[in-house]
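Chemist: One file is attached below, my_file_21.txt, containing compact mmCIF, C-alpha atoms and all ligand atoms.
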```txt
# COMPACT_ATOMS: atom_id res chain seq x y z
CA MET D 1 39.99 24.16 58.67
CA ASP D 2 40.84 27.83 59.04
CA LEU D 3 43.87 29.33 60.73
CA VAL D 4 42.78 32.34 62.80
CA ARG D 5 44.35 34.77 65.22
CA LEU D 6 42.98 34.16 68.71
CA GLY D 7 41.89 36.79 71.23
CA PRO D 8 40.49 36.58 74.77
CA SER D 9 37.12 35.29 73.54
CA ALA D 10 38.85 31.96 72.73
CA ALA D 11 39.98 31.44 76.34
CA ALA D 12 37.29 28.93 77.32
CA ALA D 13 37.82 26.77 74.23
CA CYS D 14 41.61 26.81 74.74
CA ALA D 15 41.19 25.83 78.39
CA ASP D 16 38.97 22.89 77.41
CA ILE D 17 41.64 21.50 75.07
CA GLU D 18 44.38 22.29 77.60
CA ALA D 19 42.55 20.31 80.31
CA GLU D 20 42.49 17.27 78.03
CA LEU D 21 46.13 17.53 76.92
CA PHE D 22 47.89 18.50 80.15
CA ALA D 23 45.71 16.83 82.79
CA GLY D 24 48.70 15.76 84.92
CA ASP D 25 50.67 18.97 84.58
CA ASP D 26 48.53 21.74 86.04
CA PRO D 27 46.69 22.82 82.87
CA TRP D 28 46.09 26.54 82.36
CA SER D 29 42.66 27.73 83.46
CA GLN D 30 40.31 29.88 81.42
CA GLY D 31 41.51 32.86 83.44
CA ALA D 32 45.13 32.09 82.63
CA PHE D 33 44.23 31.97 78.95
CA VAL D 34 42.41 35.30 79.16
CA ALA D 35 45.66 36.83 80.44
CA GLU D 36 47.73 35.06 77.77
CA LEU D 37 45.43 35.99 74.92
CA SER D 38 45.27 39.62 76.06
CA ALA D 39 49.00 40.26 76.58
CA PRO D 40 50.24 42.74 73.98
CA ASN D 41 53.49 40.91 73.14
CA ASN D 42 51.77 37.54 72.69
CA PHE D 43 50.60 36.15 69.36
CA TYR D 44 48.12 33.27 69.47
CA VAL D 45 46.71 31.34 66.54
CA GLY D 46 44.16 28.57 66.36
CA VAL D 47 42.88 26.07 63.85
CA VAL D 48 39.12 26.23 63.68
CA LYS D 49 36.59 24.01 61.93
CA ARG D 50 34.18 25.87 59.69
CA GLU D 51 31.45 25.22 62.27
CA GLY D 52 33.54 27.21 64.76
CA GLU D 53 35.04 24.36 66.80
CA LEU D 54 38.57 25.10 68.01
CA CYS D 55 40.83 22.13 67.25
CA GLY D 56 44.19 23.48 68.37
CA TYR D 57 46.05 26.57 69.48
CA GLY D 58 49.58 27.88 69.76
CA GLY D 59 51.13 30.96 71.26
CA ILE D 60 54.45 32.76 71.13
CA THR D 61 55.70 35.85 72.93
CA LYS D 62 58.15 38.45 71.72
CA LEU D 63 60.87 39.56 74.15
CA GLY D 64 63.47 42.27 73.72
CA SER D 65 63.39 45.30 71.47
CA ALA D 66 63.05 45.79 67.72
CA GLY D 67 66.18 44.56 65.96
CA ALA D 68 67.20 42.48 69.01
CA ALA D 69 64.12 40.32 69.35
CA GLU D 70 63.92 36.97 71.08
CA TYR D 71 60.87 34.74 71.20
CA GLU D 72 59.48 32.05 73.45
CA ILE D 73 56.84 29.53 72.51
CA HIS D 74 54.43 29.49 75.44
CA THR D 75 52.24 26.62 74.36
CA ILE D 76 50.98 24.53 71.47
CA GLY D 77 48.28 21.90 71.56
CA VAL D 78 46.00 20.00 69.22
CA ALA D 79 42.94 18.23 70.66
CA SER D 80 43.72 14.53 70.66
CA LYS D 81 40.97 13.63 68.17
CA TRP D 82 42.57 16.02 65.63
CA GLN D 83 46.20 15.03 66.13
CA GLY D 84 48.27 13.50 63.36
CA ARG D 85 46.59 15.48 60.56
CA GLY D 86 49.06 18.32 60.08
CA LEU D 87 47.39 20.85 62.39
CA GLY D 88 50.39 21.11 64.71
CA ALA D 89 52.56 21.90 61.69
CA GLN D 90 50.06 24.54 60.54
CA LEU D 91 50.25 26.19 63.95
CA MET D 92 54.06 26.05 63.97
CA ASP D 93 54.16 27.58 60.47
CA ALA D 94 52.17 30.55 61.80
CA LEU D 95 54.26 30.94 64.96
CA MET D 96 57.54 30.76 63.03
CA ALA D 97 56.22 33.28 60.50
CA ALA D 98 55.50 35.65 63.40
CA ALA D 99 59.07 35.16 64.69
CA GLY D 100 60.39 35.83 61.19
CA GLU D 101 58.96 39.35 60.97
CA ASP D 102 61.68 40.70 63.28
CA PRO D 103 64.01 37.70 63.23
CA GLY D 104 65.41 36.38 66.49
CA PRO D 105 66.07 33.10 68.27
CA VAL D 106 63.06 31.16 69.54
CA PHE D 107 63.21 29.29 72.86
CA LEU D 108 60.91 26.74 74.49
CA GLU D 109 60.70 24.03 77.15
CA VAL D 110 59.32 20.57 76.50
CA ARG D 111 58.93 17.48 78.68
CA THR D 112 61.78 15.07 78.07
CA ASP D 113 59.26 12.24 77.51
CA ASN D 114 57.15 14.15 74.96
CA ALA D 115 58.45 12.49 71.79
CA PRO D 116 55.75 13.89 69.42
CA ALA D 117 56.41 17.50 70.47
CA ILE D 118 60.20 17.07 70.38
CA ALA D 119 59.93 15.63 66.86
CA LEU D 120 57.71 18.55 65.81
CA TYR D 121 60.17 21.09 67.19
CA GLU D 122 63.20 19.37 65.64
CA LYS D 123 61.38 19.43 62.31
CA TYR D 124 61.25 23.21 62.67
CA GLY D 125 64.96 23.58 63.39
CA PHE D 126 64.94 23.54 67.20
CA GLU D 127 67.91 21.96 68.94
CA ARG D 128 68.24 20.78 72.51
CA MET D 129 70.21 23.18 74.71
CA GLY D 130 69.83 22.03 78.30
CA LEU D 131 67.89 20.06 80.88
CA ARG D 132 65.71 21.50 83.64
CA LYS D 133 65.16 18.93 86.37
CA ASN D 134 61.68 18.86 87.97
CA TYR D 135 60.57 21.70 85.70
CA TYR D 136 56.87 20.81 85.84
CA PRO D 137 55.72 21.24 89.46
CA ALA D 138 52.61 19.04 89.32
CA SER D 139 54.28 15.94 87.88
CA GLY D 140 57.93 16.66 88.70
CA ALA D 141 58.79 15.89 85.09
CA ASP D 142 62.02 17.16 83.57
CA ALA D 143 62.17 19.52 80.58
CA TYR D 144 64.58 20.07 77.76
CA THR D 145 65.22 23.65 76.79
CA MET D 146 65.34 24.00 73.02
CA CYS D 147 66.34 26.85 70.73
CA ARG D 148 65.80 27.66 67.09
CA PRO D 149 68.50 30.10 65.98
CA ALA D 150 67.53 33.33 64.24
CA SER D 151 69.28 32.07 61.11
CA ALA D 152 66.58 29.40 60.78
CA CYS D 153 64.02 32.14 60.07
CA ASN D 154 64.90 31.86 56.39
CA ASP D 155 64.44 28.07 56.33
CA SER D 156 61.17 26.32 55.74
CA ALA D 157 60.29 23.16 57.67
C1 LIG D 201 52.77 18.04 69.60
C2 LIG D 201 51.42 18.22 68.88
C3 LIG D 201 51.02 19.69 68.97
C4 LIG D 201 51.58 17.84 67.40
O1 LIG D 201 50.35 18.16 66.74
P1 LIG D 201 49.80 17.28 65.51
O2 LIG D 201 48.71 18.04 64.87
O3 LIG D 201 49.51 15.90 65.97
O4 LIG D 201 51.12 17.26 64.57
P2 LIG D 201 51.18 17.11 62.98
O5 LIG D 201 50.20 16.09 62.53
O6 LIG D 201 51.09 18.46 62.37
O7 LIG D 201 52.66 16.54 62.79
C5 LIG D 201 53.75 17.44 62.61
C6 LIG D 201 55.02 16.76 63.05
O8 LIG D 201 55.00 16.54 64.46
C7 LIG D 201 55.71 15.32 64.76
N1 LIG D 201 54.77 14.36 65.32
C8 LIG D 201 53.43 14.53 65.47
N2 LIG D 201 52.90 13.45 66.09
C9 LIG D 201 53.92 12.60 66.33
C10 LIG D 201 54.00 11.32 66.96
N3 LIG D 201 52.93 10.70 67.48
N4 LIG D 201 55.22 10.74 67.06
C11 LIG D 201 56.32 11.36 66.59
N5 LIG D 201 56.30 12.58 65.96
C12 LIG D 201 55.11 13.17 65.84
C13 LIG D 201 56.28 14.84 63.44
O9 LIG D 201 57.54 15.46 63.26
C14 LIG D 201 55.29 15.41 62.45
O10 LIG D 201 55.84 15.58 61.18
P3 LIG D 201 55.68 14.37 60.08
O11 LIG D 201 54.21 14.14 59.95
O12 LIG D 201 56.32 14.94 58.87
O13 LIG D 201 56.38 13.20 60.68
C15 LIG D 201 50.33 17.28 69.50
O14 LIG D 201 50.85 15.98 69.59
C16 LIG D 201 49.84 17.72 70.86
O15 LIG D 201 48.96 18.58 70.96
N6 LIG D 201 50.39 17.10 71.91
C17 LIG D 201 49.90 17.39 73.28
C18 LIG D 201 50.27 18.80 73.72
C19 LIG D 201 51.76 18.97 73.77
O16 LIG D 201 52.50 18.09 74.17
N7 LIG D 201 52.22 20.19 73.36
C20 LIG D 201 53.61 20.56 73.41
C21 LIG D 201 53.96 21.07 74.77
S1 LIG D 201 55.68 21.55 74.84
```
Since I need it in another form, could you write the structure as structure tokens?
Ligand SMILES: CC(C)(COP(=O)(O)OP(=O)(O)OC[C@H]1O[C@@H](n2cnc3c(N)ncnc32)[C@H](O)[C@@H]1OP(=O)(O)O)[C@@H](O)C(=O)NCCC(=O)NCCS
Modeler:
Amino acid sequence: MDLVRLGPSAAAACADIEAELFAGDDPWSQGAFVAELSAPNNFYVGVVKREGELCGYGGITKLGSAGAAEYEIHTIGVASKWQGRGLGAQLMDALMAAAGEDPGPVFLEVRTDNAPAIALYEKYGFERMGLRKNYYPASGADAYTMCRPASACNDSA
């Protein structure tokens, strides 16, 4: 498996995985991924098999100015057949390294019933901050907001 930076050419492969993972929650289309993967403040990485198959992806955006940066994880997903093999952790390592270059707090939202993702985020120093009721329009599911403080940038998971 190789960890690679993703650009717009990966949009179709990301959308395929997204459709499998978020079927009930309005998965991002290929067009949405083209926009995400093209945005200048976004950093997307993927884990790719040597044959070129994309197995997972993750993206983070940088907000604010240099020296006062904040970050938001936009998405992370590992195709179900590749889950449980450390790929999610590989993606998080890369996203947290990106946030460590100009250290700042990292924010995200996660469904309250998504135990695997919550455990992954807690492993990387995220803590629950709040609750957003009916955050996901398609399912009406609630979300926790989570934050990893800037001070965690020096910690390893
Ligand atoms: C969350 C997700 C990205 C984890 O990817 P993964 O490759 O399976 O994760 P890893 O094998 O690297 O595991 C890393 C850590 O995640 C957590 N984790 C992963 N699967 C878990 C499970 N089934 N139950 C509980 N914790 C789990 C654990 O903390 C694990 O660390 P450990 O192995 O030391 O216990 C994956 O489950 C996924 O794609 N889920 C669907 C998409 C999604 O919900 N994305 C998040 C949206 S906010």
Chemist: List the neighbours of D:Glu72 out to 12 Å using all atoms listed in the file; skip same-chain residues closer than 2 positions along the sequence, and give me the result as a ChimeraX atom specification.
Modeler: /D:41-43,58-64,69-70,74-76,95-96,98-99,104-110,126,145-149
Chemist: Quick one: everything within 12 Å of D:Asn134, counting only C-alpha atoms, minus sequence neighbours fewer than 3 positions away in the same chain. Send it as a count of residues only.
Modeler: 13
Chemist: Restricting the calculation to all atoms listed in the file, which member of D:Gln90, D:Gln83, D:Ser151, D:Ser29 is positioned closest to ligand LIG 201 (chain D)?
Modeler: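 Among the listed residues, the smallest separation from ligand LIG 201 (chain D) belongs to D:Gln83.
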Chemist: Hey, which residues sit close to ligand LIG 201 (chain D)? Say within 10 Å, counting all atoms listed in the file, and write them as a VMD selection string.
Modeler: chain D and resid 17 to 18 20 to 22 47 55 to 58 73 to 93 108 to 124 143 to 145 157
Chemist: With only C-alpha atoms as the basis for distance, which of D:Gly67, D:Arg132, D:Ala23, D:Gly125 is at the shortest distance from D:Glu101?
Modeler: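 Of the candidates, the smallest distance to D:Glu101 is held by D:Gly67.
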Chemist: Find, counting only C-alpha atoms, the residue in D:Val48, D:Tyr135, D:Gly7, D:Asp16 that gets nearest to D:Gln30.
Modeler: D:Asp16
Chemist: Enter the distance from atom CA of D:Asp2 to atom CA of D:Ala39, in Å, rounded to one decimal.
Modeler: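 These atoms are spaced 23.0 Å apart.
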Chemist: Taking every listed atom of stretch 77-86 of chain D and adding 4 Å to each side, what centre and edge lengths in Å (one decimal) does the axis-aligned box have, as lines of an AutoDock Vina configuration file?
Modeler:
```
center_x = 45.0
center_y = 17.7
center_z = 65.8
size_x = 16.1
size_y = 16.4
size_z = 19.5
```
Chemist: How many Å separate atom CA of D:Ala11 from atom CA of D:Gly24?
Modeler: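 Going from atom CA of D:Ala11 over to atom CA of D:Gly24, I get 19.9 Å.
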Chemist: Rounded to one decimal place, report the atom CA of D:Phe33-atom CA of D:Gly46 distance in Å.
Modeler: 13.0 Å
Chemist: Give the answer as one residue: which of D:Ala66, D:Leu3, D:Tyr71, D:Ala35 has the shortest atom-to-atom distance to D:Glu53, using only C-alpha atoms?
Modeler: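 Distance minimum relative to D:Glu53 lands on D:Leu3.
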Chemist: Between D:Ala13, D:Leu54, D:Met1, D:Met129, which is the closest to D:Gly31 once you count all atoms listed in the file?
Modeler: D:Ala13
